[in-house]
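Source file: model_35.cif; contents: mmCIF, C-alpha atoms.
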data_structure
#
loop_
_atom_site.label_atom_id
_atom_site.label_comp_id
_atom_site.auth_asym_id
_atom_site.auth_seq_id
_atom_site.Cartn_x
_atom_site.Cartn_y
_atom_site.Cartn_z
CA MET V 12 10.16 71.48 -22.47
CA CYS V 13 9.17 68.09 -21.12
CA SER V 14 11.94 65.59 -20.68
CA CYS V 15 11.97 62.42 -22.72
CA ASP V 16 10.68 59.42 -20.77
CA ASN V 17 11.20 56.33 -22.88
CA ASN V 18 9.57 54.18 -20.18
CA THR V 19 6.08 55.63 -20.65
CA PRO V 20 4.15 53.08 -22.76
CA LEU V 21 2.44 53.84 -26.02
CA LEU V 22 -1.34 54.17 -25.71
CA PRO V 23 -3.07 51.16 -27.35
CA ASP V 24 -5.10 52.25 -30.40
CA THR V 25 -3.47 55.68 -30.21
CA ALA V 26 -4.00 58.16 -32.99
CA ILE V 27 -0.99 58.31 -35.33
CA ALA V 28 0.08 61.27 -37.46
CA ALA V 29 3.10 61.66 -39.72
CA ALA V 30 4.81 64.48 -41.57
CA ASN V 31 7.96 64.81 -43.63
CA VAL V 32 10.13 67.04 -45.75
CA GLY V 33 12.10 64.75 -48.03
CA GLN V 34 13.61 61.94 -45.98
CA SER V 35 13.38 63.86 -42.71
CA ALA V 36 10.23 62.59 -41.00
CA ARG V 37 8.28 62.69 -37.77
CA VAL V 38 5.66 60.24 -36.47
CA TYR V 39 3.44 61.44 -33.61
CA TYR V 40 1.38 59.36 -31.18
CA GLN V 41 0.01 59.44 -27.63
CA LEU V 42 1.38 57.77 -24.51
CA THR V 43 -0.61 56.29 -21.64
CA ASP V 44 -0.02 59.42 -19.52
CA GLY V 45 -1.76 61.52 -22.19
CA SER V 46 1.39 63.20 -23.48
CA LEU V 47 2.28 63.30 -27.18
CA ALA V 48 5.52 61.65 -28.24
CA THR V 49 7.56 61.93 -31.43
CA GLN V 50 9.61 59.42 -33.38
CA ILE V 51 12.21 61.26 -35.47
CA TYR V 52 13.75 59.78 -38.61
CA GLN V 53 17.08 61.49 -39.20
CA ARG V 54 20.67 60.91 -40.26
CA ASP V 55 23.01 59.80 -37.48
CA ASP V 56 25.93 62.21 -37.02
CA TYR V 57 28.37 59.36 -36.34
CA ASP V 58 27.84 56.78 -39.08
CA GLN V 59 25.54 58.81 -41.40
CA THR V 60 22.85 56.13 -41.43
CA TRP V 61 19.15 57.03 -41.18
CA GLN V 62 17.64 55.96 -37.86
CA TRP V 63 14.50 56.36 -35.74
CA LYS V 64 14.67 57.77 -32.22
CA ARG V 65 12.10 59.00 -29.70
CA SER V 66 12.36 62.71 -28.97
CA GLU V 67 11.10 64.91 -26.16
CA LYS V 68 7.42 64.99 -25.35
CA SER V 69 5.56 67.99 -26.74
CA PRO V 70 3.94 70.61 -24.47
CA ALA V 71 0.51 69.68 -25.84
CA THR V 72 -2.26 69.29 -23.26
CA ALA V 73 -4.37 66.86 -25.26
CA LYS V 74 -7.34 64.82 -24.14
CA LEU V 75 -6.79 61.07 -23.86
CA PHE V 76 -7.34 59.34 -27.22
CA THR V 77 -7.19 62.66 -29.04
CA PRO V 78 -7.18 62.56 -32.84
CA LEU V 79 -3.95 63.83 -34.39
CA ALA V 80 -2.85 65.49 -37.62
CA ALA V 81 0.58 66.77 -38.59
CA ILE V 82 2.34 68.67 -41.35
CA ALA V 83 5.76 70.22 -41.99
CA GLU V 84 7.00 73.33 -43.75
CA HIS V 85 10.19 75.22 -44.52
CA ASP V 86 10.47 78.18 -42.14
CA GLY V 87 13.44 80.21 -43.34
CA ASP V 88 16.51 78.00 -43.06
CA SER V 89 14.84 75.51 -40.72
CA LEU V 90 11.87 73.17 -40.69
CA LYS V 91 8.71 73.74 -38.68
CA TRP V 92 6.63 70.75 -37.62
CA HIS V 93 2.94 71.36 -36.80
CA VAL V 94 0.85 68.96 -34.69
CA PHE V 95 -2.94 69.32 -34.29
CA PHE V 96 -5.07 67.75 -31.56
CA LEU V 97 -8.10 68.26 -29.30
CA ASN V 98 -7.62 69.59 -25.80
CA GLU V 99 -9.61 68.35 -22.80
CA ASN V 100 -12.56 70.55 -23.85
CA ASN V 101 -12.54 69.20 -27.44
CA VAL V 102 -11.22 72.52 -28.76
CA LEU V 103 -9.00 72.46 -31.85
CA SER V 104 -5.44 73.12 -30.70
CA ASP V 105 -1.90 73.01 -32.06
CA VAL V 106 1.76 72.99 -31.13
CA HIS V 107 4.78 73.34 -33.39
CA GLU V 108 8.45 72.49 -33.16
CA SER V 109 11.46 74.02 -34.88
CA GLY V 110 15.09 73.29 -34.13
CA GLY V 111 14.13 71.16 -31.15
CA THR V 112 12.08 73.91 -29.48
CA TRP V 113 8.35 73.44 -28.97
CA SER V 114 5.83 76.29 -28.93
CA CYS V 115 2.07 76.43 -28.47
CA GLY V 116 0.14 77.61 -31.52
CA SER V 117 -2.71 80.09 -31.81
CA LEU V 118 -5.44 77.77 -33.13
CA CYS V 119 -7.04 77.31 -29.70
CA ASN V 120 -7.66 81.08 -29.59
CA ARG V 121 -10.35 80.52 -32.23
CA ASN V 122 -12.20 78.40 -29.65
CA ILE V 123 -13.50 75.93 -32.23
CA GLN V 124 -15.14 73.20 -30.17
CA VAL V 125 -15.83 70.01 -32.10
CA PRO V 126 -17.71 66.80 -31.24
CA HIS V 127 -15.81 64.29 -29.13
CA PHE V 128 -15.95 61.79 -32.01
CA SER V 129 -14.31 64.07 -34.59
CA LYS V 130 -11.08 63.02 -36.26
CA LEU V 131 -8.57 65.41 -37.88
CA ALA V 132 -6.60 65.70 -41.12
CA CYS V 133 -4.58 68.47 -42.75
CA SER V 134 -2.83 69.32 -46.00
CA TRP V 135 -1.32 72.18 -47.96
CA VAL V 136 -3.85 73.40 -50.52
CA ALA V 137 -1.65 76.19 -51.89
CA SER V 138 1.69 77.77 -51.15
CA LYS V 139 1.71 78.68 -47.44
CA THR V 140 -2.01 77.86 -47.16
CA LEU V 141 -2.84 75.03 -44.78
CA ARG V 142 -6.26 73.47 -44.30
CA LEU V 143 -7.30 71.48 -41.24
CA TYR V 144 -10.39 69.27 -41.52
CA TYR V 145 -12.73 68.14 -38.73
CA GLN V 146 -16.27 66.77 -38.38
CA GLY V 147 -19.19 68.84 -37.14
CA ASP V 148 -21.92 67.63 -34.81
CA LYS V 149 -24.29 66.99 -37.75
CA GLY V 150 -21.75 64.78 -39.51
CA GLN V 151 -20.57 67.21 -42.17
CA ILE V 152 -16.85 67.78 -42.70
CA HIS V 153 -15.71 71.33 -41.99
CA SER V 154 -12.33 73.04 -42.25
CA VAL V 155 -10.28 75.88 -40.88
CA THR V 156 -7.60 77.54 -43.00
CA TYR V 157 -4.24 78.96 -41.98
CA LYS V 158 -3.03 81.70 -44.32
CA ASP V 159 -0.83 84.77 -43.79
CA LYS V 160 -0.17 83.55 -40.23
CA CYS V 161 -3.88 83.72 -39.37
CA TRP V 162 -6.55 81.06 -38.79
CA GLN V 163 -9.84 81.53 -40.67
CA SER V 164 -12.92 79.34 -40.21
CA ASP V 165 -14.45 78.24 -43.50
CA CYS V 166 -18.18 78.99 -43.59
CA LYS V 167 -19.30 76.06 -45.76
CA PRO V 168 -18.84 72.32 -45.13
CA MET V 169 -17.06 70.17 -47.72
CA SER V 170 -20.40 68.60 -48.69
CA THR V 171 -24.07 69.00 -47.77
CA ASP V 172 -24.21 65.23 -47.18
CA ALA V 173 -23.39 63.97 -43.70
CA SER V 174 -20.49 61.55 -43.37
CA LEU V 175 -20.39 58.60 -40.99
CA LEU V 176 -20.30 59.96 -37.44
CA GLY V 177 -16.78 59.46 -36.14
CA THR V 178 -15.41 58.85 -39.63
CA SER V 179 -11.70 58.91 -40.15
CA ILE V 180 -10.59 61.84 -42.31
CA ALA V 181 -7.69 61.95 -44.76
CA ALA V 182 -6.34 64.90 -46.73
CA CYS V 183 -4.08 65.02 -49.75
CA GLN V 184 -3.37 68.33 -51.48
CA SER V 185 -6.83 69.76 -52.23
CA ALA V 186 -8.65 66.45 -51.60
CA GLU V 187 -10.57 65.48 -48.46
CA ILE V 188 -11.48 61.82 -47.98
CA ASP V 189 -13.91 60.26 -45.49
CA GLN V 190 -16.43 57.45 -45.03
CA MET V 191 -20.08 57.70 -46.12
CA ALA V 192 -22.84 57.29 -43.54
CA ALA V 193 -25.17 55.15 -45.68
CA THR V 194 -22.77 52.54 -47.06
CA CYS V 195 -19.46 53.01 -45.19
CA GLY V 196 -17.88 53.37 -48.62
CA ILE V 197 -14.96 55.78 -48.86
CA GLN V 198 -15.71 59.03 -50.69
CA GLU V 199 -13.51 61.87 -51.89
CA HIS V 200 -14.25 65.57 -52.25
CA SER V 201 -11.70 66.96 -54.68
CA SER V 202 -11.04 69.17 -57.67
CA ASP V 203 -8.02 67.06 -58.65
CA SER V 204 -7.81 65.12 -61.88
CA VAL V 205 -7.65 61.78 -60.04
CA SER V 206 -10.21 60.61 -57.51
CA ALA V 207 -10.85 57.58 -55.32
CA THR V 208 -13.60 55.28 -56.56
CA GLY V 209 -15.07 51.93 -55.66
CA ILE V 210 -13.74 51.54 -52.10
CA GLU V 211 -16.72 49.67 -50.68
CA ASP V 212 -14.98 46.96 -48.62
CA ALA V 213 -13.57 49.15 -45.86
CA SER V 214 -14.56 48.24 -42.33
CA SER V 215 -16.97 50.55 -40.53
CA HIS V 216 -14.96 53.37 -38.93
CA SER V 217 -11.83 52.24 -40.74
CA SER V 218 -8.85 54.50 -40.32
CA ILE V 219 -8.10 56.30 -43.60
CA SER V 220 -4.88 57.91 -44.82
CA ALA V 221 -3.80 59.26 -48.20
CA VAL V 222 -0.77 60.57 -50.08
CA GLY V 223 -0.18 61.56 -53.67
CA THR V 224 -0.06 64.24 -56.34
CA ASN V 225 -2.31 65.51 -59.13
CA GLU V 226 -1.15 62.47 -61.13
CA TYR V 227 -1.86 59.70 -58.64
CA ARG V 228 -3.16 58.95 -55.17
CA PHE V 229 -2.62 56.17 -52.62
CA ILE V 230 -5.53 55.72 -50.19
CA PHE V 231 -5.11 53.37 -47.23
CA PHE V 232 -7.85 51.66 -45.21
CA THR V 233 -8.65 48.48 -43.28
CA THR V 234 -11.13 45.67 -43.91
CA ASN V 235 -13.31 43.64 -41.55
CA GLN V 236 -10.61 40.95 -41.71
CA SER V 237 -8.03 43.37 -40.19
CA LYS V 238 -6.16 43.69 -43.46
CA LEU V 239 -4.32 46.88 -44.33
CA MET V 240 -5.20 47.75 -47.93
CA GLY V 241 -4.11 50.43 -50.38
CA GLN V 242 -5.90 51.75 -53.44
CA HIS V 243 -3.57 53.17 -56.09
CA VAL V 244 -5.53 55.72 -58.12
CA THR V 245 -4.31 57.10 -61.45
CA LYS V 246 -5.91 58.83 -64.43
CA SER V 247 -6.15 55.49 -66.21
CA GLY V 248 -7.86 53.65 -63.35
CA ASN V 249 -7.23 52.20 -59.92
CA THR V 250 -6.00 49.01 -58.31
CA THR V 251 -6.39 47.83 -54.72
CA SER V 252 -3.75 45.66 -53.07
CA TYR V 253 -3.11 43.96 -49.74
CA ILE V 254 -0.29 45.57 -47.75
CA GLY V 255 -0.07 43.62 -44.50
CA LYS V 256 -1.36 42.91 -41.02
CA ILE V 257 -2.93 45.56 -38.80
CA THR V 258 -4.79 45.54 -35.48
CA PRO V 259 -8.58 46.03 -35.81
CA LYS V 260 -8.65 49.54 -34.29
CA SER V 261 -5.25 50.79 -35.41
CA CYS V 262 -4.93 54.25 -36.87
CA ILE V 263 -3.04 54.72 -40.13
CA ALA V 264 -0.61 57.46 -41.15
CA SER V 265 1.32 57.74 -44.40
CA LEU V 266 4.13 59.70 -46.04
CA ARG V 267 5.41 60.25 -49.56
CA ASN V 268 9.04 61.15 -50.23
CA LYS V 269 11.82 61.11 -52.80
CA VAL V 270 15.51 60.57 -52.14
CA ASN V 271 16.31 62.78 -55.14
CA ASP V 272 14.02 64.80 -57.43
CA ASP V 273 14.40 62.36 -60.33
CA ASP V 274 13.82 59.27 -58.20
CA PRO V 275 10.44 57.50 -58.04
CA ASP V 276 8.29 58.13 -55.00
CA VAL V 277 8.73 56.11 -51.82
CA ILE V 278 5.53 55.60 -49.79
CA ARG V 279 5.62 54.79 -46.07
CA VAL V 280 2.66 53.68 -43.95
CA TYR V 281 2.58 53.59 -40.14
CA CYS V 282 0.18 51.58 -37.96
CA GLN V 283 -0.05 49.28 -34.97
CA ARG V 284 0.56 45.82 -36.39
CA GLY V 285 0.09 43.98 -33.09
CA GLU V 286 2.68 41.27 -33.74
CA ASP V 287 2.32 38.62 -30.98
CA ASN V 288 -0.32 40.88 -29.39
CA ASP V 289 2.33 43.53 -28.74
CA MET V 290 0.52 46.90 -28.83
CA SER V 291 3.52 48.88 -27.61
CA LYS V 292 5.05 49.59 -31.01
CA ILE V 293 4.28 51.41 -34.25
CA SER V 294 5.24 49.53 -37.39
CA GLU V 295 6.23 50.68 -40.87
CA TYR V 296 5.40 49.37 -44.34
CA ARG V 297 7.28 50.79 -47.34
CA TYR V 298 6.41 50.85 -51.04
CA THR V 299 8.83 51.26 -53.93
CA GLN V 300 8.31 50.52 -57.61
CA ASP V 301 10.99 47.82 -57.53
CA GLU V 302 9.98 46.02 -54.33
CA GLY V 303 6.28 46.73 -53.91
CA TRP V 304 5.06 46.67 -50.30
CA VAL V 305 7.57 45.49 -47.70
CA TYR V 306 7.19 45.27 -43.91
CA ARG V 307 10.07 47.25 -42.37
CA GLY V 308 9.61 46.44 -38.68
CA ASN V 309 8.95 48.76 -35.74
CA ILE V 310 10.09 52.36 -35.62
#
When written as C-alpha cells, how does the structure in this file appear?
Amino acid sequence: MCSCDNNTPLLPDTAIAAANVGQSARVYYQLTDGSLATQIYQRDDYDQTWQWKRSEKSPATAKLFTPLAAIAEHDGDSLKWHVFFLNENNVLSDVHESGGTWSCGSLCNRNIQVPHFSKLACSWVASKTLRLYYQGDKGQIHSVTYKDKCWQSDCKPMSTDASLLGTSIAACQSAEIDQMAATCGIQEHSSDSVSATGIEDASSHSSISAVGTNEYRFIFFTTNQSKLMGQHVTKSGNTTSYIGKITPKSCIASLRNKVNDDDPDVIRVYCQRGEDNDMSKISEYRYTQDEGWVYRGNI
C-alpha cells in the first residue's frame, strides 16, 4: 500500500468521484504525481464528530487526467469501495478498498480500450448489478456490467445517436445522462418515471453529475458564466436553481444520503470552487429541505 503523502498537491481540474453508504463517504481525485487520493468522511473515535481526512493513496496506475467513477457496496459485514479509471493505455481499470486494504480489480482483464476523451460514470441498476458507462470512438455511450462477480460487455450502445465527443457522463440508478452533440443540451436515457428535460444552458463539455430515486432526480451542471446549477426533477415538473461558484473546468461529483430512514434526503456536491484562485482544494455544497443550498467549505 502506498503511504499517505499530504504534501503532494491536488491536480488542477482533476476528475472527482464520490461514493457513500449512509453518512460514510469517500471523495476521490488525482494528485500531480498521477496517484489517486481519497478524502474519507467518518466519525472521529475521540469526540464522535464527523470529519474529513485524506487517506492512503490507492495502488491505481492511472493516466494523468484520467476520468474517475466510484461506487460503494456492503460486502458481508464491511463496506467495499470501487474506483474506476483509465490506465496509461486508456484501458478501463478498477481498484477497490475494504477495511483499509486496497486491491486491484479484474476489469482491466477485459482489455476494453476506450478513446482518450471518454469520461466514466457508474451506478447500481439492480441488486448486486453494477453498470459502468463510457464513450466509444464514434460518440455513442456504451456500458459494461458487473454481475455475479463477472464483467460483461454490453453489445448495444445506450442510443444510436452520437453524444458530444468528450461529453461528461452521469449515472443514477437505471438512468444515463450526457450532453448532445448538436445542441450541447443535456439528455437522459432512462426507463424511470422521472426524466431530465429542458437543460439547454449548460456550457459545452460541462461536467455533469446526478443523484436521486424513482421519485426525483437532481442533475448538476455548469454554465458559460461558471455557475454551478442544479435541476430538481420530479413527476410534477422541474426547477433549476443556482448553487454557487465553480471554476470553468471543474468536475462535479454528488452524493445523496439520509441520517435516518425517515429523514429527508441530504444532497452533497463536490467541485473545485477556486476561491482566491486556489485550485488546491475540493469544496462541498450541501442541500437540505430546511436550508436549501449552503456552501460548506473545503473538505
*Could you give me, as an NGL selection string, the residues within 8 Å of region 126-139 of chain V, counting all atoms listed in the file and dropping anything in the same chain fewer than 5 positions from it?*
:V and (78-82 or 95-96 or 101 or 144-148 or 158-159 or 176-185)
If you keep C-alpha atoms, can you produce a file of those selected residues as a compact mmCIF listing (two decimals), in the coordinates of the input?
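Generated output (out.txt):
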# COMPACT_ATOMS: atom_id res chain seq x y z
CA PRO V 78 -7.18 62.56 -32.84
CA LEU V 79 -3.95 63.83 -34.39
CA ALA V 80 -2.85 65.49 -37.62
CA ALA V 81 0.58 66.77 -38.59
CA ILE V 82 2.34 68.67 -41.35
CA PHE V 95 -2.94 69.32 -34.29
CA PHE V 96 -5.07 67.75 -31.56
CA ASN V 101 -12.54 69.20 -27.44
CA TYR V 144 -10.39 69.27 -41.52
CA TYR V 145 -12.73 68.14 -38.73
CA GLN V 146 -16.27 66.77 -38.38
CA GLY V 147 -19.19 68.84 -37.14
CA ASP V 148 -21.92 67.63 -34.81
CA LYS V 158 -3.03 81.70 -44.32
CA ASP V 159 -0.83 84.77 -43.79
CA LEU V 176 -20.30 59.96 -37.44
CA GLY V 177 -16.78 59.46 -36.14
CA THR V 178 -15.41 58.85 -39.63
CA SER V 179 -11.70 58.91 -40.15
CA ILE V 180 -10.59 61.84 -42.31
CA ALA V 181 -7.69 61.95 -44.76
CA ALA V 182 -6.34 64.90 -46.73
CA CYS V 183 -4.08 65.02 -49.75
CA GLN V 184 -3.37 68.33 -51.48
CA SER V 185 -6.83 69.76 -52.23
_Residues within 7 Å of Ile293 (chain V), please, as a ChimeraX atom specification. Count all atoms listed in the file; anything in the same chain fewer than 5 positions from it doesn't count._
/V:281-283,309-310
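Once all atoms listed in the file are considered, the residues situated within 12 Å of the file point (-4.2, 39.7, -43.8) turn out to be Thr233, Thr234, Asn235, Gln236, Ser237, Lys238, Leu239, Met240, Ser252, Tyr253, Ile254, Gly255, Lys256, Ile257, Thr258, Pro259 and Arg284 of chain V.
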Residue subset to file, keeping C-alpha atoms, as an mmCIF file, in the frame of the given file:
data_model
loop_
_atom_site.group_PDB
_atom_site.id
_atom_site.type_symbol
_atom_site.label_atom_id
_atom_site.label_comp_id
_atom_site.auth_asym_id
_atom_site.auth_seq_id
_atom_site.Cartn_x
_atom_site.Cartn_y
_atom_site.Cartn_z
ATOM 1 C CA THR V 233 -8.650 48.480 -43.280
ATOM 2 C CA THR V 234 -11.130 45.670 -43.910
ATOM 3 C CA ASN V 235 -13.310 43.640 -41.550
ATOM 4 C CA GLN V 236 -10.610 40.950 -41.710
ATOM 5 C CA SER V 237 -8.030 43.370 -40.190
ATOM 6 C CA LYS V 238 -6.160 43.690 -43.460
ATOM 7 C CA LEU V 239 -4.320 46.880 -44.330
ATOM 8 C CA MET V 240 -5.200 47.750 -47.930
ATOM 9 C CA SER V 252 -3.750 45.660 -53.070
ATOM 10 C CA TYR V 253 -3.110 43.960 -49.740
ATOM 11 C CA ILE V 254 -0.290 45.570 -47.750
ATOM 12 C CA GLY V 255 -0.070 43.620 -44.500
ATOM 13 C CA LYS V 256 -1.360 42.910 -41.020
ATOM 14 C CA ILE V 257 -2.930 45.560 -38.800
ATOM 15 C CA THR V 258 -4.790 45.540 -35.480
ATOM 16 C CA PRO V 259 -8.580 46.030 -35.810
ATOM 17 C CA ARG V 284 0.560 45.820 -36.390
#
*the PyMOL selection byres ((chain V and resi 122) around 10) on the file shown: which residues, as an MDAnalysis selection string?*
chainID V and resid 100:104 117:121 123:125
*Got a sec: who's within 8 Å of region 23-35 of chain V, counting all atoms listed in the file, leaving out chain neighbours fewer than 3 positions off, as JSON, numbers by chain?*
{"V": [38, 39, 40, 41, 42, 51, 52, 53, 76, 77, 78, 79, 80, 81, 82, 83, 84, 92, 260, 261, 262, 263, 264, 265, 266, 267, 268, 269, 270, 281, 282, 283, 290, 291]}
*Separation of CA of Asp289 (chain V) and CA of Ile197 (chain V), in Å?*
29.2 Å
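The two atoms in question, CA of Thr194 (chain V) and CA of Leu75 (chain V), are spaced 29.4 Å apart.
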*Expansion of the PyMOL selection byres ((chain V and resi 108) around 6) into residues, as a count of residues only*: 6
*List the residues selected by the PyMOL selection byres ((chain V and resi 46) around 9) in the file shown, writing them as a ChimeraX atom specification.*
/V:40-45,47-48,68-75
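In this structure, CA of Asp165 (chain V) sits 18.1 Å away from CA of Asp189 (chain V).
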Given the point (7.0, 52.4, -58.5) in the coordinates of this file, which residues lie within 8 Å, counting all atoms listed in the file, and how would they look as a compact mmCIF listing (two decimals) with C-alpha atoms, keeping the file's coordinate frame?
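Dumped everything to result-v4.txt:
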# COMPACT_ATOMS: atom_id res chain seq x y z
CA PRO V 275 10.44 57.50 -58.04
CA ASP V 276 8.29 58.13 -55.00
CA VAL V 277 8.73 56.11 -51.82
CA TYR V 298 6.41 50.85 -51.04
CA THR V 299 8.83 51.26 -53.93
CA GLN V 300 8.31 50.52 -57.61
CA ASP V 301 10.99 47.82 -57.53
CA GLY V 303 6.28 46.73 -53.91
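Closest approach to Glu295 (chain V) among V:Ala221, V:Ala193, V:Thr19, V:Trp63 is made by V:Trp63 (distances from all atoms listed in the file).
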*For Gln50 (chain V), which of V:Cys115, V:Cys195, V:Lys292, V:Ser217 is the closest residue, counting all atoms listed in the file?*
V:Lys292
